[in-house]
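J.: Once you've had a glance at the structure underneath, I'll fire off some questions.
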There are 2 protein chains.
Amino acid sequence: MPADIRKLDSTDAGFREQLRAVLAFEANEDEAIDRAAADILADVKARGDAAVLEYTARFDNVSAGSMSELEIRQDALHAALANLPEARRAALSVAADRVRAYHERQKEECGSDGFLYTEDDGTVLGQKVTPLDRVGIYVPGGKAAYPSSVLMNAIPAKVAGVGEIIMVVPTPGGVQNELVLAAAALAGVDRVFTIGGAQAVGALAHGTDIIPQVDKIVGPGNAYVAAAKRRVFGIVGIDMIAGPSEILVLCDGTTDPDWVAMDLFSQAEHDELAQSILVCPDADYLARVQESVDRLLETMPRQDTIRTSLQNRGAMVRVRDMNEACEIANFIAPEHLEISAENPLQWAHRIRHAGAMFLGRFSSESIGDYCAGPNHVLPTSRTARFSSPLGVYDFQKRSSVIEVSEAGAQTLGRIAAELAYGEGLQAHARSAELRIK
Amino acid sequence: MPADIRKLDSTDAGFREQLRAVLAFEANEDEAIDRAAADILADVKARGDAAVLEYTARFDNVSAGSMSELEIRQDALHAALANLPEARRAALSVAADRVRAYHERQKEECGSDGFLYTEDDGTVLGQKVTPLDRVGIYVPGGKAAYPSSVLMNAIPAKVAGVGEIIMVVPTPGGVQNELVLAAAALAGVDRVFTIGGAQAVGALAHGTDIIPQVDKIVGPGNAYVAAAKRRVFGIVGIDMIAGPSEILVLCDGTTDPDWVAMDLFSQAEHDELAQSILVCPDADYLARVQESVDRLLETMPRQDTIRTSLQNRGAMVRVRDMNEACEIANFIAPEHLEISAENPLQWAHRIRHAGAMFLGRFSSESIGDYCAGPNHVLPTSRTARFSSPLGVYDFQKRSSVIEVSEAGAQTLGRIAAELAYGEGLQAHARSAELRIK
C-alpha cells in the first residue's frame, strides 16, 4: 500500500493557508493530566521518598522497601557497558567521543570564560560564567528509551563542568535497558535512579532524603512528565518541552530520490505525529521521490507508523526556485533542515531559522542524530525562531560583574541619582549620592 | 518608628532553617487570575484587534475606534525625548550609551559569530548564530513604569540585531509616561502600542491585523501578564517570570554603615515583598547599620514600604567569617550581591551563584540599576542557580551546521546505522547505509 502524501504548489492562490494547515499542531493540554501531575508533585514535595516509592510501585509495578534500592550503582552501569556486543560498544564510544569533541569546541567558542574590562576611570565591568551545580536528566523508559539521548543530554552538562548529574529512568516491570545504562556510564552520569513520571520530576525539583535536589531538569518524557516540568519551572530550570519531531528537506533535484525518501522515512518512523516535508522546484523529481517512497515503504519494519505519519502530516511542496524554498524554510523554522543540493552553502546562507542544518547529499539527518557531534535535542514546532539546540550554554549561567571605582562613583552616581529621582525611587538616588564626595 | 529587622546568627543550631524561612517565597498562583488570562488570550487569538480594543476600554478606560489609534508614532516618541528637562535627557542618554557599550562587548565575547571547523575527512561542523526576527517588550503602565527597564530590555535586542522591536505599554486613563516614551526613542524601539495586560501579551503572541506577531516577549508585568506569558510560552519565547527584587550585602565591616543602610533601603523601597539581607562577621558593625537604618529611615519618602519590607522580609546575619558569608551567598543565589569589603575580588572568586555582583564599597546597586552598563533584568528567587541576566544571547539563537563529506559518510554512516538498529529505528539506519558505497 503506497503512502498518499499531500502535494502542495507554491503558485497556488491558497498555498500559504495550506502550508499553515500542514504545520498546525496543537499540543494537547489535557487538564486532567496537568491536575494529576500537580497532585503528584505536591505529594512528593510533602512526603518525599515514601511518595515516590508508592507511585513507582503503582505506575511501574516496581516495589522497593527504600529509595536506595532503586539506585543503580556505578559498577552496574560499567558492567552494562562491558557486556555490550563489541560493535555496539565501539559505536557508542565513538559517538560519545564525537559529541564530547563538538561540545568542547562549543564551550571554547561561546565565551564560556566570561570577560572583564576596565574603563578609563578604573571602573571594571564584566561577566562571570559558571556551571550549574547539579543537573537532573530524565530518560524515558520502555520503547522510547534512546541511549543516544543519554549522551546528548549528559555530555554537554559534563563539558560545561556541572558538578553532579543525576539520571532518572523508569523501568516498568523492572526491565532495565542495558544500552541506556551503558550510555550513562560512557557519558559520566554520577547517579542513576530507576524512577520516572511526575514523581521523578518532583523528586529532582524538591529533593528527597535520598535523591538530591537539582538546579535544572532536562530530557524528554510523556505528557505527565511534560506537565510536571512546566509546573516546576522556576523552582528549577527546564529545557524546552519538545513537540513531535520534524524534518524539512530542500532539494534541488540532484540527489538520488531513494536517499531523500529514506530521509523522510527516518523522521516519520519516530511516531505518527512526526512530520516530513520535501520542498523542490522540480515537479518530476517530486514524482520520482514519491515512486521511491512507494517502493521502499514495503521494506520498512515500521511501515505502518511511517505511512500514517506521511499521510497525515507529511507534504511534498513544489516551489518556483530554491530561493523560495529557503523562504519557506525560514517560515517553517524546522527542527531538522536538510539542504540536499549542489553547493548547499549558497542556500544555507539564506537560512535564518532552523534547529540544525544538514548540508549536502551525504549529510543524512540520521548521522546527526547519532554521531556527527552536534546535539540532537533541537527546537521543534517552529520554536527555532527563538530557541537553540541543547548545548553547553544550557548548563552554564552568567553573573554580571560591576566594580565601580571611586572616580566612577562620582560621575555614574550623578546619572543614577538623576534617573532614580525621575522614577520616584529616592533611596536609589541617595544610595548613589552618599558615594559622591 | 524604627525598623525591627530580624537578626540571625550562623552559629545558632537552627540557623539554616531560620534562613530558609526568611528566603521562603511562594509566588501566589491564583487559579482565577490564570483562568482569566487564558480566556483573554483565547479571545484575542480568535477576534484579534476587536478583542484587544474591548479589553483596553474595559481595563484601562481608553477607548479607540481602531488599533491604529493606539499606536504612538516615532515623531511622538522623539518629541517626548526632546521635551525632557536637559539634565534628565542627558542622564538617560549616557545610560543608554553605557548599556549599549556593555552589551556590544557581550556580543563580541559571547561567540555571536558562531563557528565552523573542518575535520580530517572533510566533514564540516559548526554553529550559526542569528538574531530573532521580531521581539515584543512589555512595559508596565502607571507607577511601576520605569524608563530604565525600557533601555535594559530594548538595547540588548537591538545590539543582537533583532529586526523589529514592538513595545506595548498600557496607559490607564490615557495617561502617558513621557520618560518611558523618551527611553523608547533612545533605545530604538520600532513601534509602540498603548495596550497592556493579558490582551497585549495575546496580541504579540498571536498577532492581529495591526499588531505583528513576535517571536519572543520580554519585560515585567502584573499577575495577569505573568500568567499570560506562561501560557504563550512555546508559541513564543519568554524571559523569566520575575519574583520580588532582592539584595544581599556581604560586608567585612569596613564600609560606612550609612551607605550599607541606604543600599538595603534601595531594594526595600521597590515594594513590601522586596528582600534586603546584610551578612557580616562583625556584630558591632551590624548594630551600627541598624542605628543608621533607624536614623535614615525617617528621611525617606517611601519609609512605610521600606519599613514593612525590612521587617517582613529583611535580615541581618552575623557569620563566623567572610568565607562563611560567601557560602551563604551561594546558597541564597541572590539577584543582587554587593561585596562591600576590602579587596572584594578575593571573595568574588568564591561566588558561584548571583545575578549581578557589585564589588567594593563604591559599587552601589543603584548605579547598576541605571547606568553601569550590565543589565538590570536579573534572575530572582534563587534562580541565579540556573539562569542569567537578560543579555544579547536572549535575542539570538543558534543552529547546528553539519556537512558530512562523502568520506565521512562512510565511517559515520556505519556508526549511525549500528546505533539506529540498536534503538530499533531501521529507517534511520537505512538512510545512513544508502550513503555507504
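Labeling convention for the C-alpha cells: chains A, B, ... as they appear, residues from 1 per chain, ligands from 1 in order of appearance.
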Enumerate as a VMD selection string all residues of range 290-388 of chain B assigned to helix (DSSP H, G or I) by DSSP on the backbone, naming them with the chain letters and numbers the document uses.

T.: chain B and resid 290 to 297 303 to 313 322 to 332 345 to 348 365 to 370 383 to 385

J.: Would you output that residue set with C-alpha atoms, as a CSV table (one decimal), in the first residue's frame?

T.:
```csv
chain,number,residue,atom,x,y,z
B,290,GLN,CA,20.8,49.1,62.5
B,291,GLU,CA,21.4,52.5,64.0
B,292,SER,CA,21.8,54.0,60.5
B,293,VAL,CA,18.7,52.3,59.4
B,294,ASP,CA,16.7,53.8,62.3
B,295,ARG,CA,18.1,57.3,61.8
B,296,LEU,CA,17.9,57.4,58.0
B,297,LEU,CA,14.5,55.7,57.6
B,303,GLN,CA,9.6,54.9,54.5
B,304,ASP,CA,6.4,52.9,55.0
B,305,THR,CA,7.2,50.5,52.2
B,306,ILE,CA,10.9,50.3,53.3
B,307,ARG,CA,10.0,49.5,56.9
B,308,THR,CA,7.4,46.9,56.0
B,309,SER,CA,9.8,45.2,53.6
B,310,LEU,CA,12.7,45.2,56.1
B,311,GLN,CA,10.6,43.9,58.9
B,312,ASN,CA,8.8,41.2,57.0
B,313,ARG,CA,11.5,40.0,54.6
B,322,MET,CA,33.7,36.1,55.2
B,323,ASN,CA,34.3,32.6,53.9
B,324,GLU,CA,31.0,31.6,55.5
B,325,ALA,CA,29.4,34.7,54.2
B,326,CYS,CA,30.3,33.6,50.6
B,327,GLU,CA,28.9,30.1,51.3
B,328,ILE,CA,25.7,31.7,52.4
B,329,ALA,CA,25.6,33.8,49.3
B,330,ASN,CA,26.0,30.7,47.1
B,331,PHE,CA,23.1,29.1,49.0
B,332,ILE,CA,20.9,32.2,48.5
B,345,LEU,CA,37.9,40.1,44.4
B,346,GLN,CA,39.2,37.6,46.9
B,347,TRP,CA,35.5,36.9,47.9
B,348,ALA,CA,34.1,37.3,44.4
B,365,GLU,CA,23.4,48.6,43.3
B,366,SER,CA,21.6,51.7,42.2
B,367,ILE,CA,24.4,52.6,39.8
B,368,GLY,CA,24.0,49.1,38.3
B,369,ASP,CA,20.2,49.6,38.1
B,370,TYR,CA,20.6,52.6,35.9
B,383,THR,CA,17.0,31.2,40.1
B,384,ALA,CA,20.5,32.5,39.7
B,385,ARG,CA,21.4,28.9,40.4
```

J.: Please identify all polymer residues within 9 Å of range 172-176 of chain A, counting only C-alpha atoms, omitting same-chain residues fewer than 3 positions from it, and present them as a list in words.

T.: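 Residues meeting the cut-off are Thr56, Phe59, Asp60, Asn61, Val62, Ser63, Gly141, Gly142, Val169, Leu179, Val180, Leu181 and Thr194 of chain A.
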
J.: Dump N, CA and C atoms for the selected residues as a PDB file, in the first residue's frame?

T.:
```pdb
ATOM      1  N   THR A  56       5.952   4.675  42.220  1.00  0.00           N
ATOM      2  CA  THR A  56       6.752   3.755  41.410  1.00  0.00           C
ATOM      3  C   THR A  56       6.149   2.349  41.452  1.00  0.00           C
ATOM      4  N   PHE A  59       2.701   2.793  39.289  1.00  0.00           N
ATOM      5  CA  PHE A  59       2.763   3.051  37.849  1.00  0.00           C
ATOM      6  C   PHE A  59       3.746   2.130  37.116  1.00  0.00           C
ATOM      7  N   ASP A  60       4.838   1.769  37.781  1.00  0.00           N
ATOM      8  CA  ASP A  60       5.862   0.972  37.097  1.00  0.00           C
ATOM      9  C   ASP A  60       5.860  -0.476  37.557  1.00  0.00           C
ATOM     10  N   ASN A  61       5.031  -0.757  38.544  1.00  0.00           N
ATOM     11  CA  ASN A  61       4.976  -2.118  39.076  1.00  0.00           C
ATOM     12  C   ASN A  61       6.338  -2.573  39.597  1.00  0.00           C
ATOM     13  N   VAL A  62       7.030  -1.632  40.211  1.00  0.00           N
ATOM     14  CA  VAL A  62       8.328  -1.936  40.812  1.00  0.00           C
ATOM     15  C   VAL A  62       8.232  -1.627  42.304  1.00  0.00           C
ATOM     16  N   SER A  63       8.407  -2.651  43.120  1.00  0.00           N
ATOM     17  CA  SER A  63       8.296  -2.459  44.567  1.00  0.00           C
ATOM     18  C   SER A  63       9.688  -2.418  45.186  1.00  0.00           C
ATOM     19  N   GLY A 141      11.441   5.490  29.865  1.00  0.00           N
ATOM     20  CA  GLY A 141      11.621   4.040  29.909  1.00  0.00           C
ATOM     21  C   GLY A 141      10.953   3.385  28.724  1.00  0.00           C
ATOM     22  N   GLY A 142      10.997   2.087  28.711  1.00  0.00           N
ATOM     23  CA  GLY A 142      10.299   1.322  27.687  1.00  0.00           C
ATOM     24  C   GLY A 142      10.860   1.548  26.304  1.00  0.00           C
ATOM     25  N   VAL A 169      15.377   7.122  35.246  1.00  0.00           N
ATOM     26  CA  VAL A 169      14.829   6.354  34.117  1.00  0.00           C
ATOM     27  C   VAL A 169      13.884   5.300  34.690  1.00  0.00           C
ATOM     28  N   LEU A 179      21.464  -0.759  27.115  1.00  0.00           N
ATOM     29  CA  LEU A 179      22.139   0.215  26.259  1.00  0.00           C
ATOM     30  C   LEU A 179      22.062   1.615  26.881  1.00  0.00           C
ATOM     31  N   VAL A 180      20.948   1.906  27.524  1.00  0.00           N
ATOM     32  CA  VAL A 180      20.794   3.186  28.215  1.00  0.00           C
ATOM     33  C   VAL A 180      21.771   3.278  29.386  1.00  0.00           C
ATOM     34  N   LEU A 181      21.895   2.184  30.140  1.00  0.00           N
ATOM     35  CA  LEU A 181      22.823   2.199  31.282  1.00  0.00           C
ATOM     36  C   LEU A 181      24.265   2.316  30.800  1.00  0.00           C
ATOM     37  N   THR A 194      16.041   4.419  39.216  1.00  0.00           N
ATOM     38  CA  THR A 194      15.033   3.851  38.301  1.00  0.00           C
ATOM     39  C   THR A 194      13.635   4.290  38.735  1.00  0.00           C
TER      40      THR A 194
END
```

J.: Report as a list in words all protein, DNA and RNA residues lying within 8 Å of Tyr102 in chain B, evaluated on only C-alpha atoms, omitting residues in the same chain fewer than 5 positions from it.

T.: Leu125 of chain A; Gly373 and Pro374 of chain B

J.: Can you work out the spacing between CA of Glu406 in chain B and CA of Thr255 in chain A in Å, to one decimal?

T.: 13.2 Å

J.: Would you mind listing what lies within 9 Å of Asp190 in chain B as number ranges by chain, with only C-alpha atoms counted and same-chain residues fewer than 5 positions away left out?

T.: B: 74, 164-167, 184-185

J.: Going by DSSP on the backbone, which bits of range 2-187 of chain B are strand (DSSP E or B)? Write them as an MDAnalysis selection string, please.

T.: chainID B and resid 6:9 71:72 115:118 124:131 134:138 164:168

J.: Fewer than 4 positions away in the same chain doesn't count, so skip those; otherwise give me all residues within 6 Å of Pro281 in chain A, counting only C-alpha atoms, as a list in words.

T.: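 My list of contacting residues is Arg318, Val319, Arg320 and Asp321 of chain A.
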
J.: Quick one: pull the distance between CA of Ala226 in chain A and CA of Gly243 in chain A, Å, one decimal.

T.: 10.2 Å

J.: Could you name the residues that touch Met357 in chain A at 7 Å or less, counting only C-alpha atoms, but leaving out those on the same chain fewer than 6 positions away, as a list of chain:residue names?

T.: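 So, after excluding close chain neighbours, the residues are A:His336, A:Leu337, A:Glu338, B:Ser399, B:Ser400, B:Val401, B:Ile402.
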
J.: Considering only C-alpha atoms, can you say which of A:His206, A:Lys107, A:Lys158, A:Lys229 comes closest to chain B?

T.: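 Smallest distance to chain B is found for A:Lys107.
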
J.: Would you list the contacts of Asp133 in chain B as a PyMOL selection string, taking every protein, DNA or RNA residue within 10 Å and counting only C-alpha atoms, but skipping same-chain residues closer than 5 positions in sequence?

T.: (chain A and resi 352-353+385-386) or (chain B and resi 161-165+214-216+395-396)
